[in-house]
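A.B. asks: The structure that follows is given in the form of structure tokens.
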Amino acid sequence: MHESLDRCAAYIASRGALAALHRAAADWPHELAEHARAAALATVTATAAALGHPHASAARRRALRDAIVAAVRLAAACDVAGALGLACDPALDAAQRASSRAVSLLAMLLHASAHGVDQRADQ
């Protein structure tokens, strides 16, 4: 299973957002950091869960929507940290970029799943 996760750009982006957030939130207030960490972890786990379902299935789309919601929560937490001036450093910038990338790639994966785009179709 791990090898198939590493082949998915959305999963890699979700995992990257988790790692970037871990570095950025080290000095944030506890409540905001915990909210962001929970959102980052939920993004990764929901993305992995989605990949465990058949392509274009309702279960996959449901899990991908959950992953997108979590990734947006993560992006919002990073935005709040920046707005509060908690961390004006490269680590926060990296977390913001990584969370935005995760949202984008998850949305693309959802679109492909919703419209029946199957990468195996050309085989």
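Numbering starts fresh at 1 for the residues of each chain in the structure tokens, the chains themselves are lettered A, B, ... in the order given, and ligands are numbered from 1 as they appear.
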Name the residues in contact with stretch 59-64 of chain A at a cut-off of 10 Å, using only C-alpha atoms, excluding same-chain residues fewer than 3 positions from it; report them as a list in words.
C.D. replies: Ala10, Thr43, Thr45, Ala46, Thr47, Ala48, Ala49, Ala50, Leu51, Gly52, His53, Pro54, His55, Ala56, Ala67, Ile68, Val69, Ala70, Leu106, Ala107, Leu109, Leu110, His111, Ala112, Ser113 and Ala114 of chain A
A.B. asks: Residues within 10 Å of stretch 25-34 of chain A, please, as a PDB file with C-alpha atoms, in the first residue's frame. Count only C-alpha atoms; anything in the same chain fewer than 5 positions from it doesn't count.
C.D. replies:
ATOM      1  CA  ALA A  20       5.881  21.737   6.693  1.00  0.00           C
ATOM      2  CA  ALA A  39      -6.156  19.310  10.149  1.00  0.00           C
ATOM      3  CA  ALA A  40      -2.840  18.243   8.606  1.00  0.00           C
ATOM      4  CA  ALA A  77      -4.793  27.878  10.296  1.00  0.00           C
ATOM      5  CA  CYS A  78      -1.603  28.896   8.484  1.00  0.00           C
ATOM      6  CA  VAL A  80      -4.455  32.884  10.812  1.00  0.00           C
ATOM      7  CA  ALA A  81      -0.909  32.376  12.118  1.00  0.00           C
ATOM      8  CA  LEU A  86       3.041  34.517  14.925  1.00  0.00           C
ATOM      9  CA  ALA A  87       5.652  33.389  12.483  1.00  0.00           C
ATOM     10  CA  ALA A  91       8.686  27.850   7.632  1.00  0.00           C
ATOM     11  CA  LEU A  92       5.243  29.473   7.642  1.00  0.00           C
ATOM     12  CA  ALA A  95       3.451  25.503   5.178  1.00  0.00           C
TER      13      ALA A  95
END
A.B. asks: A:Asp66, A:Ala58, A:Ala13, A:His22: which is nearest A:Ser99, counting only C-alpha atoms?
C.D. replies: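 The answer is A:Ala13, which sits nearest to A:Ser99.
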A.B. asks: Figure out the distance between atom CA of A:Leu74 and atom CA of A:Leu21, please, to one decimal in Å.
C.D. replies: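 Rounded to one decimal, the two atoms are 8.5 Å apart.
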A.B. asks: So how far away is atom CA of A:Ala94 from atom CA of A:Ala42, in Å?
C.D. replies: 18.9 Å
A.B. asks: In Å, rounded to a single decimal, give me how far atom CA of A:Gly85 is from atom CA of A:Val103.
C.D. replies: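 Distance between the two atoms: 23.4 Å.
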A.B. asks: Calculated over only C-alpha atoms, which of the candidates A:Ala9, A:Ala19, A:Ala102, A:Met108 has the smallest distance to A:Ala71?
C.D. replies: A:Ala102
A.B. asks: Pull the alpha helix (DSSP H) assignments for stretch 9-104 of chain A out of DSSP run on the backbone, and list those residues as JSON, numbers by chain.
C.D. replies: {"A": [9, 10, 11, 12, 13, 14, 15, 16, 17, 18, 19, 20, 21, 22, 23, 24, 30, 31, 32, 33, 34, 35, 36, 37, 38, 39, 40, 41, 42, 43, 44, 45, 46, 47, 48, 49, 50, 51, 58, 59, 60, 61, 62, 63, 64, 65, 66, 67, 68, 69, 70, 71, 72, 73, 74, 75, 76, 77, 78, 79, 80, 81, 82, 83, 90, 91, 92, 93, 94, 95, 96, 97, 98, 99, 100, 101, 102, 103, 104]}
